[in-house]
$ cat coords.pdb   # PDB, C-alpha atoms
ATOM      1  CA  VAL A   1     -39.412 -20.838  25.249
ATOM      2  CA  LYS A   2     -41.439 -23.949  26.076
ATOM      3  CA  VAL A   3     -39.189 -25.711  28.622
ATOM      4  CA  LEU A   4     -36.795 -24.473  31.305
ATOM      5  CA  ILE A   5     -34.242 -26.999  32.616
ATOM      6  CA  PHE A   6     -32.567 -26.517  36.003
ATOM      7  CA  GLY A   7     -29.313 -28.285  36.925
ATOM      8  CA  ALA A   8     -28.004 -30.169  39.932
ATOM      9  CA  HIS A   9     -28.038 -27.611  42.744
ATOM     10  CA  ASN A  10     -30.329 -24.635  42.171
ATOM     11  CA  GLU A  11     -30.254 -23.419  45.770
ATOM     12  CA  TYR A  12     -30.005 -19.631  45.419
ATOM     13  CA  TRP A  13     -33.078 -17.664  44.260
ATOM     14  CA  THR A  14     -34.131 -14.043  44.010
ATOM     15  CA  GLU A  15     -37.762 -13.052  44.534
ATOM     16  CA  ALA A  16     -37.876 -11.939  40.888
ATOM     17  CA  LYS A  17     -36.735 -15.385  39.732
ATOM     18  CA  ALA A  18     -39.505 -17.050  41.772
ATOM     19  CA  GLU A  19     -42.110 -14.652  40.377
ATOM     20  CA  ASN A  20     -40.906 -15.222  36.812
ATOM     21  CA  ILE A  21     -41.102 -19.018  37.199
ATOM     22  CA  LEU A  22     -44.647 -18.780  38.592
ATOM     23  CA  ARG A  23     -45.622 -16.578  35.639
ATOM     24  CA  PHE A  24     -43.937 -19.010  33.224
ATOM     25  CA  VAL A  25     -46.010 -22.022  34.356
ATOM     26  CA  GLU A  26     -49.182 -19.913  34.564
ATOM     27  CA  ASN A  27     -48.615 -19.200  30.864
ATOM     28  CA  GLY A  28     -48.248 -22.900  30.009
ATOM     29  CA  GLY A  29     -44.474 -23.336  30.419
ATOM     30  CA  HIS A  30     -42.807 -26.645  31.330
ATOM     31  CA  LEU A  31     -40.115 -27.147  33.998
ATOM     32  CA  LEU A  32     -37.542 -29.907  34.471
ATOM     33  CA  PHE A  33     -35.544 -29.975  37.726
ATOM     34  CA  LEU A  34     -32.502 -32.273  37.519
ATOM     35  CA  GLY A  35     -31.363 -31.601  41.075
ATOM     36  CA  GLY A  36     -32.322 -30.983  44.667
ATOM     37  CA  ASN A  37     -32.065 -28.517  47.558
ATOM     38  CA  THR A  38     -33.923 -26.110  45.283
ATOM     39  CA  ALA A  39     -34.816 -22.568  46.472
ATOM     40  CA  TRP A  40     -33.189 -22.864  49.912
ATOM     41  CA  ARG A  41     -31.401 -19.492  50.209
ATOM     42  CA  GLN A  42     -32.356 -16.037  48.984
ATOM     43  CA  VAL A  43     -30.173 -13.791  46.850
ATOM     44  CA  LYS A  44     -30.498  -9.999  46.740
ATOM     45  CA  ARG A  45     -28.614  -8.175  44.022
ATOM     46  CA  GLY A  46     -26.885  -4.873  44.762
ATOM     47  CA  ARG A  47     -25.308  -2.526  42.241
ATOM     48  CA  LYS A  48     -21.860  -4.038  42.798
ATOM     49  CA  PHE A  49     -22.536  -7.179  44.810
ATOM     50  CA  ASP A  50     -24.866 -10.117  45.449
ATOM     51  CA  ALA A  51     -25.958 -10.857  49.018
ATOM     52  CA  ILE A  52     -26.836 -14.461  49.890
ATOM     53  CA  PHE A  53     -28.679 -14.912  53.149
ATOM     54  CA  GLY A  54     -31.187 -16.937  55.103
ATOM     55  CA  SER A  55     -32.145 -20.553  54.725
ATOM     56  CA  ASN A  56     -35.354 -22.531  54.322
ATOM     57  CA  LEU A  57     -37.342 -20.138  52.121
ATOM     58  CA  LEU A  58     -40.557 -22.052  52.742
ATOM     59  CA  ASN A  59     -42.929 -19.603  54.496
ATOM     60  CA  HIS A  60     -40.677 -16.651  53.625
ATOM     61  CA  GLY A  61     -42.238 -15.263  50.451
ATOM     62  CA  PHE A  62     -41.441 -18.301  48.292
ATOM     63  CA  ASP A  63     -44.410 -20.385  49.481
ATOM     64  CA  ARG A  64     -46.284 -20.597  46.166
ATOM     65  CA  LEU A  65     -43.160 -21.498  44.191
ATOM     66  CA  ILE A  66     -42.232 -24.289  46.609
ATOM     67  CA  ARG A  67     -45.680 -25.743  47.339
ATOM     68  CA  GLU A  68     -47.258 -25.332  43.899
ATOM     69  CA  VAL A  69     -44.353 -25.603  41.440
ATOM     70  CA  LEU A  70     -41.608 -27.658  43.111
ATOM     71  CA  GLY A  71     -43.884 -29.821  45.250
ATOM     72  CA  THR A  72     -40.879 -31.124  47.178
ATOM     73  CA  TYR A  73     -38.475 -29.455  49.585
ATOM     74  CA  TYR A  74     -35.163 -30.241  51.240
ATOM     75  CA  ASP A  75     -34.849 -31.595  54.734
ATOM     76  CA  ILE A  76     -31.898 -33.083  56.631
ATOM     77  CA  ASN A  77     -33.197 -36.680  56.466
ATOM     78  CA  GLY A  78     -30.833 -38.751  54.344
ATOM     79  CA  TYR A  79     -28.174 -36.035  54.152
ATOM     80  CA  ASP A  80     -24.962 -37.292  52.506
ATOM     81  CA  THR A  81     -26.398 -40.755  51.866
ATOM     82  CA  TYR A  82     -26.723 -42.215  48.374
ATOM     83  CA  SER A  83     -29.100 -44.799  47.010
ATOM     84  CA  SER A  84     -31.141 -45.838  43.998
ATOM     85  CA  TYR A  85     -34.676 -44.794  43.154
ATOM     86  CA  LYS A  86     -37.648 -47.144  43.220
ATOM     87  CA  LEU A  87     -40.539 -46.656  40.800
ATOM     88  CA  MET A  88     -43.861 -46.242  42.567
ATOM     89  CA  GLU A  89     -46.868 -48.369  41.675
ATOM     90  CA  THR A  90     -49.177 -45.427  41.213
ATOM     91  CA  GLU A  91     -51.145 -44.058  38.302
ATOM     92  CA  VAL A  92     -48.452 -42.794  35.949
ATOM     93  CA  PRO A  93     -48.671 -39.602  33.885
ATOM     94  CA  GLU A  94     -49.993 -39.982  30.345
ATOM     95  CA  TRP A  95     -46.589 -39.204  28.815
ATOM     96  CA  MET A  96     -44.854 -42.172  30.478
ATOM     97  CA  ASP A  97     -44.621 -45.198  28.203
ATOM     98  CA  PRO A  98     -45.192 -48.197  30.523
ATOM     99  CA  ALA A  99     -43.288 -50.466  28.115
ATOM    100  CA  SER A 100     -40.100 -48.504  28.882
ATOM    101  CA  PHE A 101     -40.281 -49.452  32.561
ATOM    102  CA  VAL A 102     -41.550 -53.051  32.501
ATOM    103  CA  ASN A 103     -38.266 -54.551  33.737
ATOM    104  CA  THR A 104     -37.401 -51.643  36.016
ATOM    105  CA  SER A 105     -38.117 -51.407  39.707
ATOM    106  CA  SER A 106     -34.911 -49.848  41.041
ATOM    107  CA  PHE A 107     -32.909 -47.426  38.908
ATOM    108  CA  GLY A 108     -30.165 -44.843  39.257
ATOM    109  CA  VAL A 109     -27.867 -47.336  41.028
ATOM    110  CA  GLY A 110     -24.226 -46.317  41.562
ATOM    111  CA  THR A 111     -22.397 -43.608  39.634
ATOM    112  CA  ASP A 112     -21.332 -42.870  36.077
ATOM    113  CA  PHE A 113     -17.838 -41.930  37.287
ATOM    114  CA  GLU A 114     -15.196 -44.552  38.011
ATOM    115  CA  CYS A 115     -13.435 -42.284  40.512
ATOM    116  CA  CYS A 116     -16.627 -42.140  42.630
ATOM    117  CA  GLU A 117     -17.336 -45.868  42.792
ATOM    118  CA  GLY A 118     -17.529 -46.968  46.422
ATOM    119  CA  LEU A 119     -18.487 -43.423  47.475
ATOM    120  CA  ILE A 120     -21.698 -42.776  45.543
ATOM    121  CA  GLY A 121     -24.359 -45.483  45.789
ATOM    122  CA  GLY A 122     -27.002 -43.903  43.603
ATOM    123  CA  ALA A 123     -28.782 -40.929  42.073
ATOM    124  CA  SER A 124     -30.855 -40.156  45.180
ATOM    125  CA  GLY A 125     -28.355 -38.505  47.434
ATOM    126  CA  LEU A 126     -26.341 -35.802  49.149
ATOM    127  CA  GLU A 127     -29.291 -33.400  49.626
ATOM    128  CA  THR A 128     -32.741 -34.785  48.926
ATOM    129  CA  ASP A 129     -36.127 -33.102  48.564
ATOM    130  CA  LYS A 130     -39.345 -34.781  49.711
ATOM    131  CA  LEU A 131     -42.988 -34.192  48.778
ATOM    132  CA  LEU A 132     -44.625 -31.639  51.071
ATOM    133  CA  PRO A 133     -47.822 -32.806  52.817
ATOM    134  CA  GLU A 134     -49.735 -29.801  51.472
ATOM    135  CA  SER A 135     -48.634 -30.621  47.885
ATOM    136  CA  LYS A 136     -49.834 -34.250  47.858
ATOM    137  CA  GLU A 137     -53.145 -33.524  46.157
ATOM    138  CA  GLU A 138     -51.562 -31.857  43.125
ATOM    139  CA  PHE A 139     -48.442 -33.974  42.525
ATOM    140  CA  THR A 140     -47.851 -37.578  41.462
ATOM    141  CA  ILE A 141     -44.870 -39.378  43.021
ATOM    142  CA  ILE A 142     -43.227 -41.299  40.182
ATOM    143  CA  ALA A 143     -40.313 -42.678  42.228
ATOM    144  CA  LYS A 144     -38.748 -42.524  45.690
ATOM    145  CA  GLY A 145     -35.127 -42.743  46.771
ATOM    146  CA  SER A 146     -34.270 -45.767  48.910
ATOM    147  CA  ASN A 147     -32.052 -43.852  51.371
ATOM    148  CA  GLY A 148     -33.387 -45.430  54.565
ATOM    149  CA  PHE A 149     -36.408 -44.192  56.499
ATOM    150  CA  ASP A 150     -37.716 -41.020  54.798
ATOM    151  CA  GLY A 151     -34.260 -40.070  53.553
ATOM    152  CA  GLY A 152     -34.668 -40.494  49.804
ATOM    153  CA  ALA A 153     -35.654 -37.944  47.198
ATOM    154  CA  ASP A 154     -39.134 -37.952  45.689
ATOM    155  CA  VAL A 155     -39.429 -37.720  41.892
ATOM    156  CA  VAL A 156     -42.655 -35.792  41.353
ATOM    157  CA  TYR A 157     -44.788 -34.624  38.445
ATOM    158  CA  ARG A 158     -47.592 -32.093  38.110
ATOM    159  CA  LYS A 159     -49.732 -30.793  35.290
ATOM    160  CA  PHE A 160     -50.961 -27.232  35.853
ATOM    161  CA  PRO A 161     -54.390 -25.849  34.858
ATOM    162  CA  SER A 162     -52.553 -23.760  32.228
ATOM    163  CA  GLY A 163     -51.317 -26.937  30.507
ATOM    164  CA  GLY A 164     -47.760 -26.456  31.799
ATOM    165  CA  THR A 165     -45.998 -29.330  33.565
ATOM    166  CA  VAL A 166     -43.143 -29.972  35.963
ATOM    167  CA  LEU A 167     -40.913 -33.006  36.507
ATOM    168  CA  ASN A 168     -38.729 -32.667  39.600
ATOM    169  CA  PHE A 169     -36.093 -35.302  40.503
ATOM    170  CA  GLY A 170     -35.375 -33.739  43.921
ATOM    171  CA  SER A 171     -31.760 -34.919  44.317
ATOM    172  CA  VAL A 172     -28.411 -33.123  44.143
ATOM    173  CA  ALA A 173     -26.707 -36.422  43.269
ATOM    174  CA  LEU A 174     -28.777 -37.059  40.138
ATOM    175  CA  TRP A 175     -25.885 -35.886  37.945
ATOM    176  CA  HIS A 176     -23.945 -38.990  39.015
ATOM    177  CA  ARG A 177     -26.341 -41.222  37.024
ATOM    178  CA  THR A 178     -27.528 -39.278  33.990
ATOM    179  CA  GLN A 179     -26.492 -42.254  31.827
ATOM    180  CA  ASP A 180     -28.994 -44.525  33.605
ATOM    181  CA  GLN A 181     -31.496 -45.787  31.012
ATOM    182  CA  THR A 182     -34.577 -45.225  33.192
ATOM    183  CA  ILE A 183     -33.551 -41.668  34.089
ATOM    184  CA  ARG A 184     -32.863 -40.982  30.412
ATOM    185  CA  ALA A 185     -36.258 -42.453  29.433
ATOM    186  CA  LEU A 186     -38.113 -40.330  32.005
ATOM    187  CA  VAL A 187     -36.362 -37.151  30.850
ATOM    188  CA  LYS A 188     -36.837 -37.899  27.149
ATOM    189  CA  GLN A 189     -40.513 -38.813  27.454
ATOM    190  CA  PHE A 190     -41.244 -35.743  29.595
ATOM    191  CA  LEU A 191     -39.468 -33.414  27.137
ATOM    192  CA  ASP A 192     -41.053 -35.032  24.078
ATOM    193  CA  ASN A 193     -44.483 -34.536  25.630
ATOM    194  CA  ALA A 194     -43.763 -30.950  26.680
ATOM    195  CA  LEU A 195     -42.518 -29.990  23.228
ATOM    196  CA  LEU A 196     -45.540 -31.547  21.511
ATOM    197  CA  MET A 197     -48.109 -29.807  23.733
ATOM    198  CA  GLU A 198     -49.804 -26.673  22.466
TER     199      GLU A 198
END
$ encode --input "coords.pdb" --output "structure tokens"
Amino acid sequence: VKVLIFGAHNEYWTEAKAENILRFVENGGHLLFLGGNTAWRQVKRGRKFDAIFGSNLLNHGFDRLIREVLGTYYDINGYDTYSSYKLMETEVPEWMDPASFVNTSSFGVGTDFECCEGLIGGASGLETDKLLPESKEEFTIIAKGSNGFDGGADVVYRKFPSGGTVLNFGSVALWHRTQDQTIRALVKQFLDNALLME
């Protein structure tokens, strides 16, 4: 397996899952997070039940996963607001084709679903994850949600010493705009690069 893809709301994690993901990237694996509020509550599995408990796993045994692999983490700022993303004018990863984004500044506007028009204003929304201060040196911010002051999700990328990579969109609402051409281009270019890497 070269790439693991996580969906919209991957909130519940066991310690074993966190350890396995750390091992995966240390062995050159690639990760794509198409959601937000990731690794917020812990799950413990019993013989006949699963126990879900706690909140905010940062500093509770999941530190390395969150700071080194996710790079971003959920906070209440921007909760239940929805907005577009704005591409950042920073040095872009080598796998991004600048020609694909020449006419794009804002992207992920609105929703793909007619029944949600007027309710959902963009792909950065509901619960949004932001870059952690201690992760800034290792991650590149590709885009930021425009959900008011510090409320939007950060789209971040990192390449690990092992050669593995991660692209994390940091927003639960991303699934509302998976048909957006810029989102599709980012996902496709990241996956193409990951699958071509040795």
$ resolve_selection --input "coords.pdb" --expression "the PyMOL selection byres ((chain A and resi 56) around 9)" --output "PyMOL selection string"
chain A and resi 39-42+54-55+57-60+73-74
$ atom_distance --input "coords.pdb" --atom1 "atom CA of Gly61 of chain A" --atom2 "atom CA of Thr140 of chain A"
24.7 Å
$ resolve_selection --input "coords.pdb" --expression "the PyMOL selection byres ((chain A and resi 195) around 12)" --output "JSON, numbers by chain"
{"A": [1, 2, 3, 4, 28, 29, 30, 31, 95, 163, 164, 165, 188, 189, 190, 191, 192, 193, 194, 196, 197, 198]}
$ residues_around --input "coords.pdb" --residues "Gln181 of chain A" --least-positions-apart "6" --cutoff "12 Å" --atoms "all atoms listed in the file" --output "JSON, numbers by chain"
{"A": [100, 101, 103, 104, 106, 107, 108, 109, 112, 187, 188, 189]}
$ atom_distance --input "coords.pdb" --atom1 "atom CA of Ser124 of chain A" --atom2 "atom CA of Val166 of chain A"
18.4 Å
$ resolve_selection --input "coords.pdb" --expression "the PyMOL selection byres ((chain A and resi 90) around 8)" --output "compact mmCIF listing (two decimals) with C-alpha atoms, in the coordinates of the input"
# COMPACT_ATOMS: atom_id res chain seq x y z
CA MET A 88 -43.86 -46.24 42.57
CA GLU A 89 -46.87 -48.37 41.68
CA GLU A 91 -51.14 -44.06 38.30
CA VAL A 92 -48.45 -42.79 35.95
CA THR A 140 -47.85 -37.58 41.46
CA ILE A 141 -44.87 -39.38 43.02
CA ILE A 142 -43.23 -41.30 40.18
$ axis_aligned_box --input "coords.pdb" --around "segment 105-122 of chain A" --padding-each-side "5 Å" --output "AutoDock Vina command-line options"
--center_x -25.8 --center_y -46.7 --center_z 41.8 --size_x 34.7 --size_y 19.5 --size_z 21.4
$ residues_around --input "coords.pdb" --residues "Ala123 of chain A" --least-positions-apart "6" --cutoff "6 Å" --atoms "only C-alpha atoms" --output "ChimeraX atom specification"
/A:84,108,173-174,177
$ closest_residue --input "coords.pdb" --among "A:His176, A:Lys17, A:Lys144, A:Arg158" --to "Arg45 of chain A" --atoms "only C-alpha atoms"
A:Lys17
$ residues_near_point --input "coords.pdb" --point "(-49.9, -25.7, 51.7)" --cutoff "9 Å" --atoms "all atoms listed in the file" --output "PyMOL selection string"
chain A and resi 63-64+67-68+132-135
$ closest_residue --input "coords.pdb" --among "A:Phe33, A:Tyr85, A:Tyr79, A:Phe24" --to "Ser162 of chain A" --atoms "only C-alpha atoms"
A:Phe24
$ atom_distance --input "coords.pdb" --atom1 "atom CA of Val156 of chain A" --atom2 "atom CA of Phe169 of chain A"
6.6 Å
$ closest_residue --input "coords.pdb" --among "A:Gly118, A:Val172, A:Leu167, A:Ala51" --to "Asn10 of chain A" --atoms "all atoms listed in the file"
A:Val172
$ closest_residue --input "coords.pdb" --among "A:Asp75, A:Glu11, A:Glu117, A:Asp129" --to "Gly145 of chain A" --atoms "all atoms listed in the file"
A:Asp129
$ closest_residue --input "coords.pdb" --among "A:Val102, A:Glu26, A:Arg184, A:Leu119" --to "Pro161 of chain A" --atoms "all atoms listed in the file"
A:Glu26
$ closest_residue --input "coords.pdb" --among "A:Tyr157, A:Trp13, A:Phe113, A:Phe139" --to "Trp175 of chain A" --atoms "only C-alpha atoms"
A:Phe113
$ decode --input "coords.pdb" --residues "segment 169-196 of chain A" --atoms "N, CA, C and O atoms" --output "short mmCIF file (atom, residue, chain, number, x, y, z; two decimals), in the first residue's frame"
data_model
loop_
_atom_site.label_atom_id
_atom_site.label_comp_id
_atom_site.auth_asym_id
_atom_site.auth_seq_id
_atom_site.Cartn_x
_atom_site.Cartn_y
_atom_site.Cartn_z
N PHE A 169 -6.41 18.49 4.21
CA PHE A 169 -7.32 19.60 3.91
C PHE A 169 -7.94 20.22 5.16
O PHE A 169 -8.45 21.34 5.10
N GLY A 170 -7.96 19.53 6.29
CA GLY A 170 -8.33 20.12 7.56
C GLY A 170 -9.76 20.60 7.73
O GLY A 170 -10.02 21.43 8.60
N SER A 171 -10.72 20.11 6.93
CA SER A 171 -12.08 20.62 7.03
C SER A 171 -13.11 19.50 6.89
O SER A 171 -13.09 18.74 5.93
N VAL A 172 -14.04 19.44 7.85
CA VAL A 172 -15.12 18.44 7.77
C VAL A 172 -16.01 18.69 6.56
O VAL A 172 -16.55 17.77 5.97
N ALA A 173 -16.15 19.94 6.16
CA ALA A 173 -17.08 20.29 5.07
C ALA A 173 -16.50 20.08 3.68
O ALA A 173 -17.18 20.35 2.68
N LEU A 174 -15.28 19.58 3.57
CA LEU A 174 -14.67 19.44 2.25
C LEU A 174 -15.54 18.60 1.31
O LEU A 174 -15.60 18.86 0.11
N TRP A 175 -16.23 17.61 1.85
CA TRP A 175 -17.04 16.72 1.01
C TRP A 175 -18.15 17.46 0.27
O TRP A 175 -18.68 16.96 -0.72
N HIS A 176 -18.47 18.66 0.70
CA HIS A 176 -19.49 19.45 -0.01
C HIS A 176 -18.98 19.98 -1.35
O HIS A 176 -19.79 20.41 -2.17
N ARG A 177 -17.65 19.99 -1.57
CA ARG A 177 -17.13 20.59 -2.81
C ARG A 177 -16.07 19.72 -3.48
O ARG A 177 -15.10 20.22 -4.05
N THR A 178 -16.25 18.42 -3.46
CA THR A 178 -15.27 17.54 -4.10
C THR A 178 -15.29 17.66 -5.62
O THR A 178 -14.37 17.19 -6.29
N GLN A 179 -16.31 18.31 -6.18
CA GLN A 179 -16.35 18.53 -7.63
C GLN A 179 -15.63 19.82 -8.05
O GLN A 179 -15.50 20.08 -9.24
N ASP A 180 -15.18 20.61 -7.07
CA ASP A 180 -14.44 21.83 -7.38
C ASP A 180 -13.16 21.48 -8.14
O ASP A 180 -12.40 20.59 -7.74
N GLN A 181 -12.89 22.19 -9.23
CA GLN A 181 -11.77 21.86 -10.10
C GLN A 181 -10.42 22.02 -9.41
O GLN A 181 -9.48 21.25 -9.66
N THR A 182 -10.28 23.02 -8.55
CA THR A 182 -8.99 23.21 -7.86
C THR A 182 -8.76 22.11 -6.83
O THR A 182 -7.65 21.58 -6.71
N ILE A 183 -9.80 21.75 -6.08
CA ILE A 183 -9.68 20.65 -5.12
C ILE A 183 -9.32 19.36 -5.85
O ILE A 183 -8.43 18.61 -5.44
N ARG A 184 -10.01 19.11 -6.96
CA ARG A 184 -9.73 17.91 -7.75
C ARG A 184 -8.29 17.92 -8.27
O ARG A 184 -7.61 16.89 -8.28
N ALA A 185 -7.81 19.08 -8.73
CA ALA A 185 -6.44 19.18 -9.24
C ALA A 185 -5.42 18.92 -8.13
O ALA A 185 -4.43 18.21 -8.34
N LEU A 186 -5.64 19.49 -6.95
CA LEU A 186 -4.73 19.26 -5.83
C LEU A 186 -4.67 17.78 -5.47
O LEU A 186 -3.58 17.22 -5.28
N VAL A 187 -5.83 17.14 -5.37
CA VAL A 187 -5.88 15.72 -5.01
C VAL A 187 -5.19 14.88 -6.09
O VAL A 187 -4.36 14.01 -5.79
N LYS A 188 -5.53 15.13 -7.34
CA LYS A 188 -4.96 14.34 -8.44
C LYS A 188 -3.45 14.49 -8.51
O LYS A 188 -2.72 13.49 -8.64
N GLN A 189 -2.96 15.71 -8.43
CA GLN A 189 -1.52 15.93 -8.54
C GLN A 189 -0.76 15.32 -7.36
O GLN A 189 0.32 14.75 -7.53
N PHE A 190 -1.35 15.43 -6.16
CA PHE A 190 -0.73 14.80 -4.99
C PHE A 190 -0.66 13.28 -5.16
O PHE A 190 0.38 12.66 -4.93
N LEU A 191 -1.78 12.67 -5.57
CA LEU A 191 -1.81 11.21 -5.73
C LEU A 191 -0.90 10.74 -6.86
O LEU A 191 -0.19 9.74 -6.72
N ASP A 192 -0.91 11.46 -7.98
CA ASP A 192 -0.01 11.09 -9.08
C ASP A 192 1.43 11.09 -8.62
O ASP A 192 2.20 10.17 -8.93
N ASN A 193 1.83 12.12 -7.86
CA ASN A 193 3.19 12.21 -7.37
C ASN A 193 3.50 11.08 -6.39
O ASN A 193 4.55 10.46 -6.47
N ALA A 194 2.56 10.83 -5.48
CA ALA A 194 2.78 9.77 -4.47
C ALA A 194 2.94 8.40 -5.13
O ALA A 194 3.79 7.60 -4.73
N LEU A 195 2.14 8.14 -6.15
CA LEU A 195 2.18 6.83 -6.79
C LEU A 195 3.42 6.64 -7.68
O LEU A 195 3.83 5.51 -7.95
N LEU A 196 4.00 7.77 -8.11
CA LEU A 196 5.20 7.69 -8.95
C LEU A 196 6.49 7.58 -8.12
O LEU A 196 7.51 7.13 -8.61
#
